[in-house]
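To start, the structure itself, in structure tokens.
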Amino acid sequence: MVSRQAIAKTASTTRSNAPDGRSRCRSVLLTLVMLALLLGLWQWGAQRYTPVILPTPGAVLVAVRSLLGEVRLWAAIAATTFHVVTGFGLALAIGGLLGLIAGRQPWVQPALAPISVALLGTPPIAWLVLTMVWFGLGHANSIFTVAVTAGPLVFAGVADAVRGLDPDLVAVAQVYRLEGNARLQSLDWPQVISRLLPVLVTGLGLAWRVAIMAEVLATPTGIGAELNTARANLDTAEVMAWIGVAIALVLTSDTLLRTLQRRLLPWQAATSSGGGG
Amino acid sequence: MAPLLHQISHHYGARLVLEEISLTAAPGELVALMGPSGCGKTTLLNLLAGLLSPTAGTVEQRATPIAYVFQEPRLFPWYTVLQNIALGLKAQGMAQRSRLQRARSLAESVGLGAAGHLYPPQLSGGMKQRVNLARAFAIQPQLLLLDEPFSSVDMGTRQQLQQLVMTWVQQHQTTAILVTHDLAEAVVMGDRLLVLSPCPARIVSCWHSDRPPHQRDPAYVYRTLSDLQTRPEIAASFNLNPPLETSRSLTP
């Protein structure tokens, strides 16, 4: 018999690794102190330079509050979200499909590898220059640049996830006659999703940054375009307010995806905390 | 006696690993297989499990279902203890509620009653191996294959798990094939012991236990061990040195 104490000890390894109330309080306090220090430094710097170079935190806060009451904030968020969702959706569809084929057919991976490496190695700004030539100025620039930047990441992630089915677990499935839908639910899907979700988190973070960069240079709508307008007006407080909006958007999307990850992959928390002996 | 393998030979590429091996076993019988490392014992189990096809000969076992207790637990990391135990039942199409209920009762019987909600990374090696066993028991196999299942657990856990398997085989009249490196384990658990030669493996020795499992006390085990170790075909198979003269002179 394994004693209840032994099981409790093994299981509590997970809990003891989780921050308890006191250490959580300490980390929140540290974060607040760091934030206060940063704001103090910013305020000190702002008093030494003109508002065009560095506006005060207060001025940026006023700009944010003023943006919150304006329709263009929500229009810009909608436009950027549209670019990211469409571009990343295309990356998922095309990269995912090719990755699936490459994972299943061993000869496809070497055939597509040079293209994947070339796409991964091309800086997003180079794509942007090309899209300006190909599409002029418009939504297509952002969408295409996001798709072509995130696509190879998705391709490599899906191909690895599909190809990397653990042969030991496949043998277990064979012996216990786990077939069809039961096998898909119990073996293929959990294994693929556990490898894929971290790639998607990284890919989506990249997609937001690339979309905003593309909007600054080549798209007349979105947060990037608003950033560009504020820069042209020498309204640095508003530029910083838009940067704040962009950070909030990326953080929101990242938090949502990580929450989804925790829900879909509850065992990963157990894996990361270890245990056993 | 049901036939399991008939004149099986198996190659990996050009290398012959098993040569004309035939195997039979009766319900409720535990056959222990021993042989030097790399001689093809696991290959033999894989052939019985249908994970490999022999290059010659026929696999004649028709048992269903078959359970395989692998050397490493091979638990699904995304499943809890109960879900892992219930894996084979899920494959059989049993409803979730019923299969988890049976898994709970099996978890109790292997000493994991309080650990049903844990994930594999939260378990110790011994606990994982208990889940591995319970997963096999869950489908009430006709043929139970065990590949060195206790090699990585401590002495106490090993003894408990050995008892669990022996009791299960007796109670459910399961045919069990146990691959082990431990002669003492083979003597304690095996109703029959087959010794394989180095690669290519052939059966070079067969020994029948004359006692039922519950009567194999330590004195019987030690006596049998010393008897088996002096058999020339077993000594040759494991490349054992002859007993040292000095050890005799040290004996009071």
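Please note that chains go A, B, ... in the order of the structure tokens, that every chain numbers its residues from 1, and that ligands are numbered from 1 in the order shown.
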
Review point. Do you know which residues are at most 9 Å from segment 249-253 of chain A counting only C-alpha atoms, after dropping those on the same chain fewer than 6 positions away, and could you put them as a VMD selection string?
Key: chain A and resid 77 81 201 204 to 205 208 to 209

Kindly assemble as JSON lines a list of the segment 124-211 of chain B residues that lie within 12 Å of segment 58-74 of chain B, each paired with its nearest atom pair and their distance in Å to one decimal, using only C-alpha atoms, sorted first by chain and then by ascending residue number.
{"residue": "B:Ser124", "atom": "CA", "partner": "B:Pro73", "partner_atom": "CA", "distance": 11.1}
{"residue": "B:Gly125", "atom": "CA", "partner": "B:Pro73", "partner_atom": "CA", "distance": 8.4}
{"residue": "B:Gly126", "atom": "CA", "partner": "B:Pro73", "partner_atom": "CA", "distance": 9.6}
{"residue": "B:Met127", "atom": "CA", "partner": "B:Pro73", "partner_atom": "CA", "distance": 9.6}
{"residue": "B:Lys128", "atom": "CA", "partner": "B:Pro73", "partner_atom": "CA", "distance": 6.0}
{"residue": "B:Gln129", "atom": "CA", "partner": "B:Pro73", "partner_atom": "CA", "distance": 5.6}
{"residue": "B:Arg130", "atom": "CA", "partner": "B:Pro73", "partner_atom": "CA", "distance": 8.7}
{"residue": "B:Val131", "atom": "CA", "partner": "B:Pro73", "partner_atom": "CA", "distance": 7.8}
{"residue": "B:Asn132", "atom": "CA", "partner": "B:Pro73", "partner_atom": "CA", "distance": 5.4}
{"residue": "B:Leu133", "atom": "CA", "partner": "B:Val69", "partner_atom": "CA", "distance": 6.2}
{"residue": "B:Ala134", "atom": "CA", "partner": "B:Val69", "partner_atom": "CA", "distance": 9.3}
{"residue": "B:Arg135", "atom": "CA", "partner": "B:Ala67", "partner_atom": "CA", "distance": 8.2}
{"residue": "B:Ala136", "atom": "CA", "partner": "B:Ala67", "partner_atom": "CA", "distance": 5.0}
{"residue": "B:Phe137", "atom": "CA", "partner": "B:Ala67", "partner_atom": "CA", "distance": 7.6}
{"residue": "B:Ala138", "atom": "CA", "partner": "B:Ala67", "partner_atom": "CA", "distance": 9.1}
{"residue": "B:Ile139", "atom": "CA", "partner": "B:Pro65", "partner_atom": "CA", "distance": 7.0}
{"residue": "B:Gln140", "atom": "CA", "partner": "B:Pro65", "partner_atom": "CA", "distance": 7.4}
{"residue": "B:Pro141", "atom": "CA", "partner": "B:Pro65", "partner_atom": "CA", "distance": 4.9}
{"residue": "B:Gln142", "atom": "CA", "partner": "B:Ala63", "partner_atom": "CA", "distance": 5.6}
{"residue": "B:Leu143", "atom": "CA", "partner": "B:Ile66", "partner_atom": "CA", "distance": 5.0}
{"residue": "B:Leu144", "atom": "CA", "partner": "B:Ala67", "partner_atom": "CA", "distance": 5.0}
{"residue": "B:Leu145", "atom": "CA", "partner": "B:Tyr68", "partner_atom": "CA", "distance": 4.6}
{"residue": "B:Leu146", "atom": "CA", "partner": "B:Val69", "partner_atom": "CA", "distance": 4.7}
{"residue": "B:Asp147", "atom": "CA", "partner": "B:Gln71", "partner_atom": "CA", "distance": 5.1}
{"residue": "B:Glu148", "atom": "CA", "partner": "B:Gln71", "partner_atom": "CA", "distance": 5.3}
{"residue": "B:Pro149", "atom": "CA", "partner": "B:Gln71", "partner_atom": "CA", "distance": 4.8}
{"residue": "B:Phe150", "atom": "CA", "partner": "B:Gln71", "partner_atom": "CA", "distance": 7.6}
{"residue": "B:Ser151", "atom": "CA", "partner": "B:Gln71", "partner_atom": "CA", "distance": 7.5}
{"residue": "B:Ser152", "atom": "CA", "partner": "B:Gln71", "partner_atom": "CA", "distance": 8.4}
{"residue": "B:Val153", "atom": "CA", "partner": "B:Gln71", "partner_atom": "CA", "distance": 10.8}
{"residue": "B:Leu161", "atom": "CA", "partner": "B:Val69", "partner_atom": "CA", "distance": 12.0}
{"residue": "B:Val165", "atom": "CA", "partner": "B:Val69", "partner_atom": "CA", "distance": 10.8}
{"residue": "B:Thr174", "atom": "CA", "partner": "B:Ala63", "partner_atom": "CA", "distance": 9.9}
{"residue": "B:Thr175", "atom": "CA", "partner": "B:Ala63", "partner_atom": "CA", "distance": 9.1}
{"residue": "B:Ala176", "atom": "CA", "partner": "B:Ala67", "partner_atom": "CA", "distance": 9.6}
{"residue": "B:Ile177", "atom": "CA", "partner": "B:Tyr68", "partner_atom": "CA", "distance": 9.6}
{"residue": "B:Leu178", "atom": "CA", "partner": "B:Val69", "partner_atom": "CA", "distance": 9.4}
{"residue": "B:Val179", "atom": "CA", "partner": "B:Gln71", "partner_atom": "CA", "distance": 9.5}
{"residue": "B:Thr180", "atom": "CA", "partner": "B:Gln71", "partner_atom": "CA", "distance": 9.9}
{"residue": "B:His181", "atom": "CA", "partner": "B:Gln71", "partner_atom": "CA", "distance": 11.8}

Point to revise | 10 Å contact set for segment 117-134 of chain A, only C-alpha atoms, chain neighbours under 5 positions out, as a PyMOL selection string | key: chain A and resi 112+140-146+148-153+156+210-211+213-215+217-219

Using C-alpha atoms, can you write the selected residues to a file as a PDB file, in the first residue's frame?
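Final output, saved to again18.pdb:
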ATOM      1  CA  LEU A 112       9.568  22.704 -47.606  1.00  0.00           C
ATOM      2  CA  ALA A 140      -3.506  43.889 -47.200  1.00  0.00           C
ATOM      3  CA  ASN A 141      -0.035  45.079 -46.112  1.00  0.00           C
ATOM      4  CA  SER A 142      -0.576  44.308 -42.428  1.00  0.00           C
ATOM      5  CA  ILE A 143      -2.502  41.106 -43.039  1.00  0.00           C
ATOM      6  CA  PHE A 144       0.058  39.702 -45.491  1.00  0.00           C
ATOM      7  CA  THR A 145       3.057  40.672 -43.337  1.00  0.00           C
ATOM      8  CA  VAL A 146       1.508  39.056 -40.251  1.00  0.00           C
ATOM      9  CA  VAL A 148       4.037  35.543 -43.834  1.00  0.00           C
ATOM     10  CA  THR A 149       5.876  36.185 -40.528  1.00  0.00           C
ATOM     11  CA  ALA A 150       3.786  33.926 -38.282  1.00  0.00           C
ATOM     12  CA  GLY A 151       3.111  31.238 -40.943  1.00  0.00           C
ATOM     13  CA  PRO A 152       6.555  29.553 -40.818  1.00  0.00           C
ATOM     14  CA  LEU A 153       6.395  29.458 -36.992  1.00  0.00           C
ATOM     15  CA  ALA A 156       7.313  24.287 -37.850  1.00  0.00           C
ATOM     16  CA  VAL A 210       4.289  42.976 -36.728  1.00  0.00           C
ATOM     17  CA  ALA A 211       0.753  44.250 -37.430  1.00  0.00           C
ATOM     18  CA  MET A 213       4.722  47.990 -37.268  1.00  0.00           C
ATOM     19  CA  ALA A 214       3.079  47.429 -40.665  1.00  0.00           C
ATOM     20  CA  GLU A 215       0.338  49.929 -39.819  1.00  0.00           C
ATOM     21  CA  LEU A 217       4.550  52.328 -42.298  1.00  0.00           C
ATOM     22  CA  ALA A 218       2.011  51.126 -44.802  1.00  0.00           C
ATOM     23  CA  THR A 219      -1.574  50.938 -43.544  1.00  0.00           C
TER      24      THR A 219
END

Tell me, counting only C-alpha atoms, for each residue of chain B within 6 Å of chain A, which pair of atoms is nearest and how far apart they are in Å to one decimal, in rows ordered by chain and increasing number, as a Markdown table.
| residue | atom | partner | partner_atom | distance |
| --- | --- | --- | --- | --- |
| B:Trp78 | CA | A:Trp267 | CA | 5.2 |
| B:Gly88 | CA | A:Tyr176 | CA | 5.2 |
| B:Ala91 | CA | A:Leu178 | CA | 4.7 |
| B:Gly111 | CA | A:Met1 | CA | 4.2 |
| B:Pro121 | CA | A:Thr271 | CA | 5.3 |
| B:Gln122 | CA | A:Gly275 | CA | 4.6 |
| B:Leu123 | CA | A:Gly276 | CA | 4.3 |
| B:Ser124 | CA | A:Gly276 | CA | 3.7 |

Check your understanding: Pick from A:Gln261, A:Asn233, A:Ser23, A:Gln43: nearest to Val199 of chain A, with only C-alpha atoms counted?
Key -> A:Gln261

Practice item. From a DSSP pass on the backbone, collect the residues of segment 122-193 of chain B flagged as strand (DSSP E) and hand them back as a list in words. Key: Leu143, Leu144, Leu145, Leu146, Asp147, Thr175, Ala176, Ile177, Leu178, Val179, Arg192 and Leu193 of chain B

Review point. Can you tell me, as JSON, numbers by chain, what residues are no more than 6 Å from Ala225 of chain A when counting only C-alpha atoms, ignoring any on the same chain fewer than 4 positions away?
Key: {"A": [215, 216, 220, 221]}

Check your understanding: Where does DSSP see alpha helix (DSSP H) in segment 21-261 of chain A, if you list the residues as an MDAnalysis selection string?
Key -> chainID A and resid 21:48 57:68 71:90 96:104 108:121 124:135 139:163 167:175 180:183 189:218 223:232 236:261

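The two atoms in question, atom CA of Leu193 of chain B and atom CA of Ser205 of chain B, are spaced 7.9 Å apart.
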